[in-house]
Amino acid sequence: ESKLNWSFISDPVTKEPFDLTNNLPSTLPCGHTFAITTITQRLQNKQTTCPVCRARIPRDFVPQIDLKIATELSRPPINERVCSIHKNQ
């Protein structure tokens with residue numbers, strides 16, 4: 001069971017929460033996570049460092065969906081999860 005409610009995690013640049021439609025999460029090699037669109041825009045603008053820690057983004061880096069975060073986003077919020085025994089109560 002996850003200890004975090006991932007729905008409150010957002011892109012540190014745009015401040016928009018991650019979701020599975022417009023703000024797909026992608027994690028840079030340094031470990032910081034942004035929306036794929038944020039990373040793509042930075043790379044297109046020749047900004048090759050992480051906006052948080054300024055670590056270099058490798059030239060061959062291709063933003064991909066962070067499946068761990070995407071999986072958590074697809075789950076109901078923790079406060080809405082119930083076990084099968086208590087589902088109908």
# chains A, B, ... in the order shown; residues from 1 in each chain; ligands from 1
$ residues_around --residues "segment 56-70 of chain A" --least-positions-apart "3" --cutoff "6 Å" --atoms "only C-alpha atoms" --output "list of chain:residue names"
A:Pro25, A:Ser26, A:Thr48, A:Thr49, A:Leu73
$ residues_around --residues "Lys15 of chain A" --least-positions-apart "6" --cutoff "12 Å" --atoms "only C-alpha atoms" --output "ChimeraX atom specification"
/A:8-9,23,33-35,38
$ decode --residues "segment 16-64 of chain A" --atoms "C-alpha atoms" --output "PDB file, in the first residue's frame"
ATOM      1  CA  GLU A  16       0.088  21.550 -12.421  1.00  0.00           C
ATOM      2  CA  PRO A  17      -0.706  18.166 -10.827  1.00  0.00           C
ATOM      3  CA  PHE A  18       0.373  15.097 -12.725  1.00  0.00           C
ATOM      4  CA  ASP A  19      -2.399  13.154 -14.430  1.00  0.00           C
ATOM      5  CA  LEU A  20      -2.802  10.493 -17.086  1.00  0.00           C
ATOM      6  CA  THR A  21      -3.919  12.839 -19.878  1.00  0.00           C
ATOM      7  CA  ASN A  22      -2.230  16.252 -20.089  1.00  0.00           C
ATOM      8  CA  ASN A  23       0.513  16.124 -17.457  1.00  0.00           C
ATOM      9  CA  LEU A  24       2.122  12.724 -17.797  1.00  0.00           C
ATOM     10  CA  PRO A  25       4.984  12.346 -15.305  1.00  0.00           C
ATOM     11  CA  SER A  26       8.519  11.663 -16.507  1.00  0.00           C
ATOM     12  CA  THR A  27      11.586  11.358 -14.301  1.00  0.00           C
ATOM     13  CA  LEU A  28      14.971  12.756 -15.295  1.00  0.00           C
ATOM     14  CA  PRO A  29      18.168  10.757 -14.639  1.00  0.00           C
ATOM     15  CA  CYS A  30      18.797  12.964 -11.566  1.00  0.00           C
ATOM     16  CA  GLY A  31      15.536  11.683 -10.049  1.00  0.00           C
ATOM     17  CA  HIS A  32      13.394  14.838 -10.363  1.00  0.00           C
ATOM     18  CA  THR A  33      10.000  14.414 -12.000  1.00  0.00           C
ATOM     19  CA  PHE A  34       8.259  16.788 -14.400  1.00  0.00           C
ATOM     20  CA  ALA A  35       5.472  16.618 -16.945  1.00  0.00           C
ATOM     21  CA  ILE A  36       6.725  15.199 -20.245  1.00  0.00           C
ATOM     22  CA  THR A  37       5.686  18.448 -21.934  1.00  0.00           C
ATOM     23  CA  THR A  38       7.879  20.460 -19.548  1.00  0.00           C
ATOM     24  CA  ILE A  39      10.929  18.307 -20.271  1.00  0.00           C
ATOM     25  CA  THR A  40      10.267  18.333 -24.017  1.00  0.00           C
ATOM     26  CA  GLN A  41       9.921  22.117 -24.092  1.00  0.00           C
ATOM     27  CA  ARG A  42      13.155  22.561 -22.137  1.00  0.00           C
ATOM     28  CA  LEU A  43      15.059  20.284 -24.495  1.00  0.00           C
ATOM     29  CA  GLN A  44      13.613  22.033 -27.562  1.00  0.00           C
ATOM     30  CA  ASN A  45      14.765  25.353 -26.077  1.00  0.00           C
ATOM     31  CA  LYS A  46      18.286  23.926 -25.581  1.00  0.00           C
ATOM     32  CA  GLN A  47      17.864  23.962 -21.804  1.00  0.00           C
ATOM     33  CA  THR A  48      19.794  20.826 -20.924  1.00  0.00           C
ATOM     34  CA  THR A  49      19.755  20.929 -17.141  1.00  0.00           C
ATOM     35  CA  CYS A  50      17.230  19.912 -14.509  1.00  0.00           C
ATOM     36  CA  PRO A  51      15.293  22.997 -13.325  1.00  0.00           C
ATOM     37  CA  VAL A  52      15.575  21.808  -9.712  1.00  0.00           C
ATOM     38  CA  CYS A  53      19.167  20.655  -9.239  1.00  0.00           C
ATOM     39  CA  ARG A  54      20.790  21.832 -12.495  1.00  0.00           C
ATOM     40  CA  ALA A  55      22.154  18.352 -13.247  1.00  0.00           C
ATOM     41  CA  ARG A  56      22.886  17.864 -16.944  1.00  0.00           C
ATOM     42  CA  ILE A  57      20.288  16.045 -18.996  1.00  0.00           C
ATOM     43  CA  PRO A  58      22.089  13.603 -21.329  1.00  0.00           C
ATOM     44  CA  ARG A  59      21.869  14.472 -25.032  1.00  0.00           C
ATOM     45  CA  ASP A  60      20.281  11.130 -25.832  1.00  0.00           C
ATOM     46  CA  PHE A  61      17.624  11.414 -23.097  1.00  0.00           C
ATOM     47  CA  VAL A  62      14.088  10.737 -24.322  1.00  0.00           C
ATOM     48  CA  PRO A  63      11.270  11.596 -21.873  1.00  0.00           C
ATOM     49  CA  GLN A  64       9.160   8.553 -21.059  1.00  0.00           C
TER      50      GLN A  64
END
